[in-house]
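In what follows, a structure is listed as structure tokens, so that the remarks can point back to it.
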Amino acid sequence: MQAAAGPRTEPVPVGDQIGYLVKRLQTAVRAALETGLRDHGVGMTQYAALAALDEEPGLSGAALARRCFVTPQTMHQVLAGMADAGLVARADRAPSGRALPTHLTDRGRAALAACHDVTAQVHDRMLAPLAPGERAALGDLLRRCTGALEGSVVPALLREPGNRPAGVLD
């Protein structure tokens, strides 16, 4: 097991910092997706909402907002536009409470299928330089980094019994 890195003595150039590289990739992926999705009359937030509703039909606007990383007010506007375009249908009344369940229409499912094709093409292009094992490793590394910042992952070093304080993972 490799020891934890100590404090850096030399600053890392901004262009070589992992966070910068991740943001640069995210910007490039988003731009490529927006371009492809636009051809189908769908934006990123709409695509995320369609995909979420496909995975979990009947989500409320608030739940969709959380899944799509937008405010409930923004999601309300997105859903109104999607309903006007015939991509989703919302109940007239809440079955309980105030949350109105939202469902994909046939048109929404067709749009989602076309959007899935776009995302697959963008991801294939992005991952083309990587071998299959590298793709899997990249996904794992990104999940671990995200978890470390979200507090949901115990650093790998602490998983080694000799490297953790008493009471950690006991």
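Identifiers in the structure tokens: chain A, B, ... in order shown; residue index from 1 per chain; ligand index from 1 in order shown.
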field: Long-range neighbours of region 97-113 of chain A as number ranges by chain, 6 Å cut-off, only C-alpha atoms, 5 positions minimum in chain
entry: A: 57-60, 87-91
Any chance you could export the current selection's N, CA and C atoms as an mmCIF file, in the first residue's frame?
```
data_model
loop_
_atom_site.group_PDB
_atom_site.id
_atom_site.type_symbol
_atom_site.label_atom_id
_atom_site.label_comp_id
_atom_site.auth_asym_id
_atom_site.auth_seq_id
_atom_site.Cartn_x
_atom_site.Cartn_y
_atom_site.Cartn_z
ATOM 1 N N PRO A 57 -40.717 6.069 -13.275
ATOM 2 C CA PRO A 57 -41.933 6.774 -13.684
ATOM 3 C C PRO A 57 -42.693 7.322 -12.480
ATOM 4 N N GLY A 58 -43.299 8.497 -12.683
ATOM 5 C CA GLY A 58 -44.131 9.073 -11.637
ATOM 6 C C GLY A 58 -43.406 9.998 -10.684
ATOM 7 N N LEU A 59 -42.148 10.316 -10.959
ATOM 8 C CA LEU A 59 -41.426 11.231 -10.080
ATOM 9 C C LEU A 59 -42.120 12.587 -10.036
ATOM 10 N N SER A 60 -42.011 13.239 -8.907
ATOM 11 C CA SER A 60 -42.545 14.595 -8.776
ATOM 12 C C SER A 60 -41.548 15.584 -9.354
ATOM 13 N N LEU A 87 -43.855 15.631 -24.544
ATOM 14 C CA LEU A 87 -42.863 14.645 -24.105
ATOM 15 C C LEU A 87 -43.237 13.982 -22.784
ATOM 16 N N VAL A 88 -43.974 14.705 -21.944
ATOM 17 C CA VAL A 88 -44.387 14.175 -20.639
ATOM 18 C C VAL A 88 -45.846 14.520 -20.397
ATOM 19 N N ALA A 89 -46.436 13.786 -19.495
ATOM 20 C CA ALA A 89 -47.799 14.059 -19.046
ATOM 21 C C ALA A 89 -47.766 14.130 -17.523
ATOM 22 N N ARG A 90 -48.464 15.111 -16.990
ATOM 23 C CA ARG A 90 -48.539 15.278 -15.540
ATOM 24 C C ARG A 90 -49.980 15.065 -15.109
ATOM 25 N N ALA A 91 -50.133 14.476 -13.941
ATOM 26 C CA ALA A 91 -51.476 14.277 -13.397
ATOM 27 C C ALA A 91 -52.124 15.624 -13.110
#
```
- prompt: Using the chain letters and numbers from this document, which residues of region 7-168 of chain A does DSSP assign to alpha helix (DSSP H), as JSON, numbers by chain?
  reply: {"A": [18, 19, 20, 21, 22, 23, 24, 25, 26, 27, 28, 29, 30, 31, 32, 33, 34, 35, 36, 37, 38, 44, 45, 46, 47, 48, 49, 50, 51, 52, 53, 54, 55, 61, 62, 63, 64, 65, 66, 67, 68, 72, 73, 74, 75, 76, 77, 78, 79, 80, 81, 82, 83, 84, 106, 107, 108, 109, 110, 111, 112, 113, 114, 115, 116, 117, 118, 119, 120, 121, 122, 123, 124, 125, 126, 127, 132, 133, 134, 135, 136, 137, 138, 139, 140, 141, 142, 143, 144, 145, 146, 147, 148, 149, 150, 156, 157, 158, 159]}
Generate a file of the selected residues that holds C-alpha atoms, formatted as an mmCIF file, in the first residue's frame.
```cif
data_model
loop_
_atom_site.group_PDB
_atom_site.id
_atom_site.type_symbol
_atom_site.label_atom_id
_atom_site.label_comp_id
_atom_site.auth_asym_id
_atom_site.auth_seq_id
_atom_site.Cartn_x
_atom_site.Cartn_y
_atom_site.Cartn_z
ATOM 1 C CA ILE A 18 -7.125 16.970 -11.754
ATOM 2 C CA GLY A 19 -10.068 19.219 -10.889
ATOM 3 C CA TYR A 20 -9.288 21.442 -13.862
ATOM 4 C CA LEU A 21 -8.995 18.432 -16.173
ATOM 5 C CA VAL A 22 -12.320 17.043 -14.927
ATOM 6 C CA LYS A 23 -14.013 20.418 -15.480
ATOM 7 C CA ARG A 24 -12.497 20.676 -18.957
ATOM 8 C CA LEU A 25 -13.823 17.196 -19.800
ATOM 9 C CA GLN A 26 -17.243 18.025 -18.362
ATOM 10 C CA THR A 27 -17.391 21.176 -20.496
ATOM 11 C CA ALA A 28 -16.395 19.265 -23.644
ATOM 12 C CA VAL A 29 -18.902 16.458 -22.959
ATOM 13 C CA ARG A 30 -21.701 18.921 -22.278
ATOM 14 C CA ALA A 31 -20.969 20.892 -25.468
ATOM 15 C CA ALA A 32 -20.935 17.719 -27.589
ATOM 16 C CA LEU A 33 -24.144 16.455 -25.967
ATOM 17 C CA GLU A 34 -25.925 19.804 -26.297
ATOM 18 C CA THR A 35 -25.079 19.888 -30.011
ATOM 19 C CA GLY A 36 -26.396 16.368 -30.614
ATOM 20 C CA LEU A 37 -29.444 16.712 -28.380
ATOM 21 C CA ARG A 38 -30.425 20.009 -29.999
ATOM 22 C CA MET A 44 -29.429 18.604 -21.241
ATOM 23 C CA THR A 45 -31.898 19.166 -18.408
ATOM 24 C CA GLN A 46 -34.760 17.813 -20.502
ATOM 25 C CA TYR A 47 -32.705 14.750 -21.405
ATOM 26 C CA ALA A 48 -31.813 14.177 -17.753
ATOM 27 C CA ALA A 49 -35.501 14.473 -16.820
ATOM 28 C CA LEU A 50 -36.586 12.072 -19.583
ATOM 29 C CA ALA A 51 -33.971 9.533 -18.463
ATOM 30 C CA ALA A 52 -34.975 9.887 -14.804
ATOM 31 C CA LEU A 53 -38.658 9.394 -15.661
ATOM 32 C CA ASP A 54 -37.794 6.347 -17.733
ATOM 33 C CA GLU A 55 -35.934 4.850 -14.767
ATOM 34 C CA GLY A 61 -41.099 17.864 -10.029
ATOM 35 C CA ALA A 62 -39.092 18.266 -6.808
ATOM 36 C CA ALA A 63 -37.630 14.771 -7.101
ATOM 37 C CA LEU A 64 -36.768 15.415 -10.749
ATOM 38 C CA ALA A 65 -35.105 18.702 -9.807
ATOM 39 C CA ARG A 66 -32.846 16.875 -7.341
ATOM 40 C CA ARG A 67 -32.001 14.177 -9.900
ATOM 41 C CA CYS A 68 -31.233 16.783 -12.588
ATOM 42 C CA PRO A 72 -37.571 23.095 -8.272
ATOM 43 C CA GLN A 73 -38.527 26.371 -9.972
ATOM 44 C CA THR A 74 -36.329 25.571 -12.973
ATOM 45 C CA MET A 75 -37.720 22.035 -13.162
ATOM 46 C CA HIS A 76 -41.264 23.424 -13.077
ATOM 47 C CA GLN A 77 -40.443 25.496 -16.184
ATOM 48 C CA VAL A 78 -38.685 22.553 -17.861
ATOM 49 C CA LEU A 79 -41.659 20.252 -17.226
ATOM 50 C CA ALA A 80 -44.110 22.851 -18.546
ATOM 51 C CA GLY A 81 -42.133 23.059 -21.783
ATOM 52 C CA MET A 82 -41.842 19.288 -22.012
ATOM 53 C CA ALA A 83 -45.597 18.911 -21.450
ATOM 54 C CA ASP A 84 -46.287 21.519 -24.143
ATOM 55 C CA ASP A 106 -44.878 7.805 -26.350
ATOM 56 C CA ARG A 107 -43.328 10.890 -27.922
ATOM 57 C CA GLY A 108 -41.119 11.334 -24.843
ATOM 58 C CA ARG A 109 -39.956 7.706 -25.046
ATOM 59 C CA ALA A 110 -39.094 8.152 -28.740
ATOM 60 C CA ALA A 111 -37.156 11.344 -27.982
ATOM 61 C CA LEU A 112 -35.330 9.588 -25.157
ATOM 62 C CA ALA A 113 -34.304 6.713 -27.452
ATOM 63 C CA ALA A 114 -32.874 9.202 -29.965
ATOM 64 C CA CYS A 115 -31.089 11.047 -27.144
ATOM 65 C CA HIS A 116 -29.611 7.799 -25.824
ATOM 66 C CA ASP A 117 -28.111 7.263 -29.288
ATOM 67 C CA VAL A 118 -26.548 10.738 -29.133
ATOM 68 C CA THR A 119 -25.070 10.150 -25.688
ATOM 69 C CA ALA A 120 -23.701 6.758 -26.733
ATOM 70 C CA GLN A 121 -21.983 8.347 -29.739
ATOM 71 C CA VAL A 122 -20.469 11.122 -27.607
ATOM 72 C CA HIS A 123 -19.252 8.678 -24.969
ATOM 73 C CA ASP A 124 -17.839 6.325 -27.596
ATOM 74 C CA ARG A 125 -15.928 9.230 -29.135
ATOM 75 C CA MET A 126 -14.654 10.366 -25.739
ATOM 76 C CA LEU A 127 -13.554 6.880 -24.677
ATOM 77 C CA PRO A 132 -11.598 -1.418 -22.022
ATOM 78 C CA GLY A 133 -9.659 -1.857 -18.782
ATOM 79 C CA GLU A 134 -8.750 1.816 -18.768
ATOM 80 C CA ARG A 135 -12.412 2.755 -19.243
ATOM 81 C CA ALA A 136 -13.411 0.663 -16.240
ATOM 82 C CA ALA A 137 -10.537 2.065 -14.185
ATOM 83 C CA LEU A 138 -11.454 5.643 -15.126
ATOM 84 C CA GLY A 139 -15.046 5.092 -14.023
ATOM 85 C CA ASP A 140 -13.908 3.577 -10.738
ATOM 86 C CA LEU A 141 -11.431 6.380 -10.063
ATOM 87 C CA LEU A 142 -14.010 9.073 -10.790
ATOM 88 C CA ARG A 143 -16.578 7.402 -8.497
ATOM 89 C CA ARG A 144 -13.983 7.175 -5.716
ATOM 90 C CA CYS A 145 -12.954 10.826 -6.096
ATOM 91 C CA THR A 146 -16.580 11.927 -6.081
ATOM 92 C CA GLY A 147 -17.291 9.813 -3.025
ATOM 93 C CA ALA A 148 -14.298 11.244 -1.189
ATOM 94 C CA LEU A 149 -15.612 14.783 -1.661
ATOM 95 C CA GLU A 150 -19.200 13.817 -0.889
ATOM 96 C CA ALA A 156 -8.497 3.455 0.501
ATOM 97 C CA LEU A 157 -5.631 3.937 2.941
ATOM 98 C CA LEU A 158 -8.013 3.547 5.880
ATOM 99 C CA ARG A 159 -9.285 0.234 4.511
#
```
task: Name the residues of region 1-168 of chain A that come out as strand (DSSP E or B) in a backbone DSSP run; write them as an MDAnalysis selection string.
output: chainID A and resid 88:90 102:104
statement: Correct to one decimal, the distance CA of Pro129 (chain A)-CA of Gln17 (chain A) is 20.6 Å
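Going from CA of Ala85 (chain A) over to CA of Phe69 (chain A), you cover 21.9 Å.
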field: For CA of Gly41 (chain A) and CA of Gly86 (chain A), the interatomic separation in Å (one decimal)
entry: 11.8 Å
